[in-house]
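Asks: So that you have it, the file is model26.cif, and it contains mmCIF, C-alpha atoms:
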data_my_file
loop_
_atom_site.label_atom_id
_atom_site.label_comp_id
_atom_site.auth_asym_id
_atom_site.auth_seq_id
_atom_site.Cartn_x
_atom_site.Cartn_y
_atom_site.Cartn_z
CA LYS A 1 15.92 32.10 32.88
CA GLY A 2 13.32 31.36 30.24
CA GLU A 3 14.10 34.57 28.37
CA ARG A 4 16.25 35.03 25.34
CA THR A 5 17.14 38.04 23.34
CA MET A 6 16.49 38.22 19.64
CA THR A 7 17.98 40.68 17.25
CA THR A 8 15.94 41.80 14.29
CA PRO A 9 17.03 44.29 11.68
CA ALA A 10 14.99 47.44 11.83
CA THR A 11 14.31 49.70 8.92
CA SER A 12 14.91 53.27 9.70
CA ALA A 13 14.87 56.42 7.70
CA GLY A 14 17.56 57.77 9.95
CA GLY A 15 21.07 58.20 8.79
CA PRO A 16 24.41 57.34 10.20
CA GLY A 17 23.97 59.94 12.91
CA ASP A 18 21.54 57.71 14.84
CA GLY A 19 24.39 55.97 16.51
CA GLY A 20 23.12 52.59 15.21
CA SER A 21 20.45 52.28 17.86
CA ASN A 22 17.72 51.57 15.32
CA ALA A 23 19.89 49.32 13.17
CA ASN A 24 19.74 46.39 15.59
CA GLN A 25 16.91 46.39 18.05
CA GLN A 26 16.99 44.02 20.95
CA GLN A 27 13.66 42.34 21.73
CA LYS A 28 13.00 40.00 24.60
CA SER A 29 10.68 37.04 24.16
CA HIS A 30 9.91 33.93 26.17
CA VAL A 31 10.82 30.46 24.92
CA TRP A 32 7.22 29.24 25.23
CA GLU A 33 5.97 32.04 23.01
CA GLU A 34 7.76 30.56 20.02
CA SER A 35 5.86 27.91 18.15
CA THR A 36 7.40 24.46 18.40
CA ASN A 37 4.39 22.71 16.92
CA VAL A 38 5.28 21.31 13.50
CA TRP A 39 1.72 21.77 12.23
CA GLU A 40 1.68 25.46 13.14
CA ASN A 41 4.89 26.00 11.20
CA ALA A 42 3.99 23.77 8.25
CA VAL A 43 0.33 24.68 7.77
CA GLN A 44 -0.49 28.23 6.76
CA GLU A 45 -3.64 29.99 5.62
CA ASP A 46 -3.73 32.24 2.58
CA GLU A 47 -5.77 35.44 2.06
CA GLU A 48 -8.80 33.50 0.83
CA GLY A 49 -8.86 31.13 3.79
CA ARG A 50 -7.42 28.09 2.01
CA ILE A 51 -4.94 25.86 3.82
CA ILE A 52 -1.44 25.77 2.38
CA VAL A 53 1.11 23.23 3.55
CA ALA A 54 4.66 24.54 3.59
CA GLY A 55 6.22 21.18 2.68
CA GLY A 56 4.32 21.07 -0.59
CA ASP A 57 2.00 18.23 0.46
CA THR A 58 -1.68 18.94 0.69
CA THR A 59 -3.64 17.82 3.73
CA ALA A 60 -5.04 14.94 1.70
CA ASP A 61 -1.52 13.83 0.74
CA ILE A 62 -0.43 13.88 4.36
CA ILE A 63 -3.43 11.78 5.38
CA ARG A 64 -2.81 9.35 2.51
CA LYS A 65 0.83 8.94 3.51
CA ARG A 66 -0.14 8.37 7.13
CA ARG A 67 -2.67 5.68 6.20
CA LYS A 68 -0.15 3.96 3.95
CA ARG A 69 2.45 4.02 6.72
CA LEU A 70 -0.02 2.55 9.21
CA GLU A 71 -1.00 -0.21 6.77
CA GLN A 72 2.63 -1.10 6.19
CA ASN A 73 3.32 -1.24 9.92
CA ASP A 74 0.25 -3.38 10.65
CA TYR A 75 1.88 -6.72 9.88
CA ALA A 76 -0.69 -8.73 11.85
CA GLN A 77 -3.65 -7.44 9.82
CA ARG A 78 -1.85 -7.71 6.50
CA ASN A 79 -0.70 -11.30 7.06
CA ARG A 80 -3.98 -12.44 8.59
CA ARG A 81 -5.88 -11.55 5.42
CA VAL A 82 -3.52 -13.54 3.24
CA VAL A 83 -3.64 -16.63 5.45
CA ARG A 84 -7.37 -16.49 6.19
CA ASP A 85 -8.28 -16.37 2.52
CA MET A 86 -6.32 -19.50 1.64
CA ILE A 87 -8.40 -22.10 3.47
CA ARG A 88 -12.18 -22.02 3.68
CA TYR A 89 -14.55 -24.16 5.71
CA VAL A 90 -18.05 -24.21 4.22
CA TYR A 91 -21.25 -26.04 5.06
CA VAL A 92 -24.11 -26.20 2.57
CA LEU A 93 -27.59 -26.64 4.03
CA ILE A 94 -29.89 -28.75 1.85
CA ASP A 95 -33.64 -28.39 2.10
CA CYS A 96 -35.11 -31.91 2.31
CA SER A 97 -38.55 -30.85 3.50
CA ARG A 98 -41.79 -32.20 1.99
CA TRP A 99 -41.88 -29.20 -0.36
CA MET A 100 -38.89 -30.56 -2.26
CA LYS A 101 -41.07 -33.40 -3.64
CA LYS A 102 -42.91 -30.94 -5.88
CA LYS A 103 -41.98 -30.47 -9.51
CA ASP A 104 -40.37 -27.13 -10.24
CA PRO A 105 -42.44 -25.33 -12.91
CA VAL A 106 -39.54 -23.12 -14.02
CA LEU A 107 -36.62 -25.53 -14.10
CA PRO A 108 -36.62 -28.53 -16.44
CA GLY A 109 -36.11 -31.92 -14.92
CA GLY A 110 -37.74 -33.77 -12.07
CA THR A 111 -38.60 -32.57 -8.61
CA GLN A 112 -37.03 -29.65 -6.80
CA LEU A 113 -34.80 -32.07 -4.88
CA GLU A 114 -33.47 -33.67 -8.08
CA VAL A 115 -32.68 -30.28 -9.61
CA THR A 116 -31.01 -29.15 -6.37
CA LEU A 117 -28.87 -32.29 -6.17
CA GLN A 118 -27.79 -31.91 -9.80
CA LEU A 119 -26.73 -28.30 -9.16
CA LEU A 120 -24.89 -29.31 -5.99
CA GLN A 121 -22.90 -31.94 -7.92
CA GLU A 122 -21.70 -29.16 -10.23
CA PHE A 123 -21.03 -26.87 -7.26
CA VAL A 124 -18.79 -29.47 -5.58
CA GLN A 125 -16.63 -29.78 -8.68
CA GLU A 126 -16.30 -25.99 -9.13
CA TYR A 127 -15.67 -25.42 -5.41
CA TYR A 128 -12.66 -27.73 -5.31
CA ASP A 129 -11.35 -26.41 -8.63
CA GLN A 130 -11.29 -22.88 -7.22
CA ASN A 131 -10.41 -23.77 -3.59
CA PRO A 132 -8.15 -26.84 -3.60
CA LEU A 133 -7.12 -26.46 0.07
CA SER A 134 -10.62 -25.84 1.39
CA HIS A 135 -13.11 -28.11 3.13
CA LEU A 136 -16.79 -28.64 2.37
CA GLY A 137 -19.63 -30.32 4.23
CA PHE A 138 -23.38 -30.89 3.77
CA VAL A 139 -26.24 -30.72 6.26
CA ILE A 140 -29.74 -31.91 5.35
CA LEU A 141 -32.80 -30.30 6.90
CA LYS A 142 -35.96 -32.39 7.26
CA ASN A 143 -38.69 -33.06 9.84
CA GLY A 144 -37.71 -29.85 11.66
CA GLU A 145 -34.27 -31.27 12.41
CA ALA A 146 -30.77 -30.96 10.96
CA GLU A 147 -28.65 -33.97 10.15
CA MET A 148 -25.02 -34.06 9.03
CA LEU A 149 -24.84 -35.65 5.57
CA THR A 150 -21.06 -35.25 5.21
CA LYS A 151 -18.58 -33.76 7.64
CA LEU A 152 -16.04 -31.18 6.54
CA SER A 153 -13.74 -32.85 4.07
CA SER A 154 -11.47 -31.98 1.18
CA SER A 155 -12.62 -35.01 -0.81
CA SER A 156 -15.01 -34.19 -3.65
CA LYS A 157 -15.66 -37.90 -4.21
CA THR A 158 -17.09 -38.32 -0.70
CA HIS A 159 -19.54 -35.47 -1.23
CA LYS A 160 -20.62 -36.59 -4.68
CA LEU A 161 -21.36 -40.12 -3.45
CA ALA A 162 -23.34 -38.79 -0.48
CA LEU A 163 -25.40 -36.51 -2.76
CA GLN A 164 -26.10 -39.41 -5.14
CA GLY A 165 -27.30 -41.46 -2.17
CA LEU A 166 -30.04 -38.97 -1.31
CA SER A 167 -33.44 -40.07 -2.58
CA MET A 168 -37.11 -39.16 -2.26
CA SER A 169 -37.35 -41.39 0.82
CA ASP A 170 -35.04 -38.94 2.62
CA VAL A 171 -37.51 -36.08 2.07
CA GLY A 172 -40.28 -35.10 4.48
CA GLY A 173 -41.48 -32.82 7.23
CA GLU A 174 -40.64 -29.18 7.69
CA PHE A 175 -37.54 -27.09 7.01
CA SER A 176 -35.70 -25.53 10.01
CA ILE A 177 -32.82 -23.28 9.08
CA GLN A 178 -32.09 -22.46 12.72
CA ASN A 179 -31.32 -26.09 13.52
CA GLY A 180 -29.15 -26.33 10.39
CA LEU A 181 -27.13 -23.26 11.34
CA GLU A 182 -26.65 -24.57 14.88
CA VAL A 183 -25.34 -27.94 13.66
CA ALA A 184 -22.99 -26.29 11.15
CA GLY A 185 -21.89 -23.68 13.71
CA ARG A 186 -20.99 -26.32 16.31
CA SER A 187 -18.81 -28.12 13.78
CA LEU A 188 -17.18 -24.89 12.53
CA GLY A 189 -16.37 -23.89 16.11
CA HIS A 190 -13.76 -26.65 16.26
CA GLN A 191 -11.93 -25.56 13.10
CA PRO A 192 -8.58 -23.72 13.24
CA ARG A 193 -8.75 -19.93 13.40
CA HIS A 194 -6.56 -19.43 10.33
CA GLY A 195 -9.44 -20.54 8.09
CA SER A 196 -12.43 -18.51 7.03
#
Let me see the structure of the file written as structure tokens.

Replies:
Amino acid sequence: KGERTMTTPATSAGGPGDGGSNANQQQKSHVWEESTNVWENAVQEDEEGRIIVAGGDTTADIIRKRRKRLEQNDYAQRNRRVVRDMIRYVYVLIDCSRWMKKKDPVLPGGTQLEVTLQLLQEFVQEYYDQNPLSHLGFVILKNGEAEMLTKLSSSSKTHKLALQGLSMSDVGGEFSIQNGLEVAGRSLGHQPRHGS
């Protein structure tokens, strides 16, 4: 058991008088000595040490095909990207600290707050033009605290009215980005997982 006989043609200078003993030699080999590994049979090395693949594909081609196959089989990852990119939930933190009362020397117009609010009005319009299914919210940061100006909503009108309602009386104190991120993060924690 475990042995098999193999016949290999032998080349012999002898003539027909040999009795045919050299014509077909019988060699015994074990089953486990034969290579059953596909890579050992498919991948060879030439005289210069380069790898040659018997099937015609280079190693890079084999790796590329494997990656493509894995990507095609990974339905969860592929579909998650498509769904997650459709709906966005975004909070914008607005600096309403005492520093926003100063006039911006670079930008034309009034104070830094007025310029910021004007730019945010334009941002709201562009955001909903590019992301019609998405939600937007605003958090104002003043006196070292964060306060929700508008909750997440898909209504651009709500946000524009809230931004117009901000005035210089709403400005003061210090800016705390940590508090703003915590307020926004708590609200985003309740949003569905299919959004980004």

Asks: To one decimal in Å, tell me the separation between CA of Thr111 in chain A and CA of Val171 in chain A.

Replies: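 Spanning CA of Thr111 in chain A to CA of Val171 in chain A is a straight-line distance of 11.3 Å.
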
Asks: Work out how far apart CA of Met100 in chain A and CA of Gly172 in chain A are and give it in Å to one decimal.

Replies: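 Distance reported for this atom pair: 8.2 Å.
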
Asks: To one decimal place in Å, what is the distance between CA of Gly189 in chain A and CA of Asp95 in chain A?

Replies: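 Those two atoms sit 22.7 Å apart.
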
Asks: Which neighbours of Trp99 in chain A fall inside 9 Å, counting only C-alpha atoms, when residues of the same chain fewer than 3 positions from it are skipped, and could you give them as a PDB file with C-alpha atoms, keeping the file's coordinate frame?

Replies:
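Writing the result to selection.pdb gives the following:
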ATOM      1  CA  ASP A  95     -33.640 -28.390   2.100  1.00  0.00           C
ATOM      2  CA  CYS A  96     -35.110 -31.910   2.310  1.00  0.00           C
ATOM      3  CA  LYS A 102     -42.910 -30.940  -5.880  1.00  0.00           C
ATOM      4  CA  GLN A 112     -37.030 -29.650  -6.800  1.00  0.00           C
ATOM      5  CA  LEU A 113     -34.800 -32.070  -4.880  1.00  0.00           C
ATOM      6  CA  VAL A 171     -37.510 -36.080   2.070  1.00  0.00           C
ATOM      7  CA  GLY A 172     -40.280 -35.100   4.480  1.00  0.00           C
ATOM      8  CA  GLY A 173     -41.480 -32.820   7.230  1.00  0.00           C
ATOM      9  CA  GLU A 174     -40.640 -29.180   7.690  1.00  0.00           C
ATOM     10  CA  PHE A 175     -37.540 -27.090   7.010  1.00  0.00           C
TER      11      PHE A 175
END

Asks: Report as lines of an AutoDock Vina configuration file the centre and the edge lengths, in Å to one decimal, of the axis-aligned box holding every listed atom of range 160-164 of chain A, padded by 5 Å on each side.

Replies:
center_x = -23.4
center_y = -38.3
center_z = -2.8
size_x = 15.5
size_y = 13.6
size_z = 14.7

Asks: Could you check the closest approach to Ser156 in chain A for each of A:Gln130, A:Thr59, A:Gln125, A:Asn143 and tell me which residue wins, using all atoms listed in the file?

Replies: A:Gln125

Asks: Which residue gives the smallest distance to Asp170 in chain A among A:Lys157, A:Asp61, A:Arg88, A:Ile94, with only C-alpha atoms counted?

Replies: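 Of A:Lys157, A:Asp61, A:Arg88, A:Ile94, the one nearest Asp170 in chain A is A:Ile94, counting only C-alpha atoms.
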
Asks: Would you mind telling me which residue in A:Leu161, A:Val139, A:Leu166, A:Ala146 lies nearest to Tyr91 in chain A when using only C-alpha atoms?

Replies: A:Val139

Asks: Measuring between only C-alpha atoms, which one of A:Ile62, A:Leu141, A:Met86, A:Val106 shows the shortest distance to Leu181 in chain A?

Replies: A:Leu141

Asks: The PyMOL selection byres ((chain A and resi 185) around 12) on the file shown: which residues, as a PyMOL selection string?

Replies: chain A and resi 89-93+137+139+146+148+152+177-184+186-191

Asks: Around the point (-23.8, -34.2, 0.6), in the coordinates given by the file, pick out the residues reaching within 6 Å, counting all atoms listed in the file, and return them as a PyMOL selection string.

Replies: chain A and resi 138+149-150+159+162-163

Asks: Counting only C-alpha atoms, which residue out of A:Glu114, A:Glu145, A:Val43, A:Ile140 sits closest to Gln164 in chain A?

Replies: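 Using only C-alpha atoms, the shortest distance to Gln164 in chain A belongs to A:Glu114.
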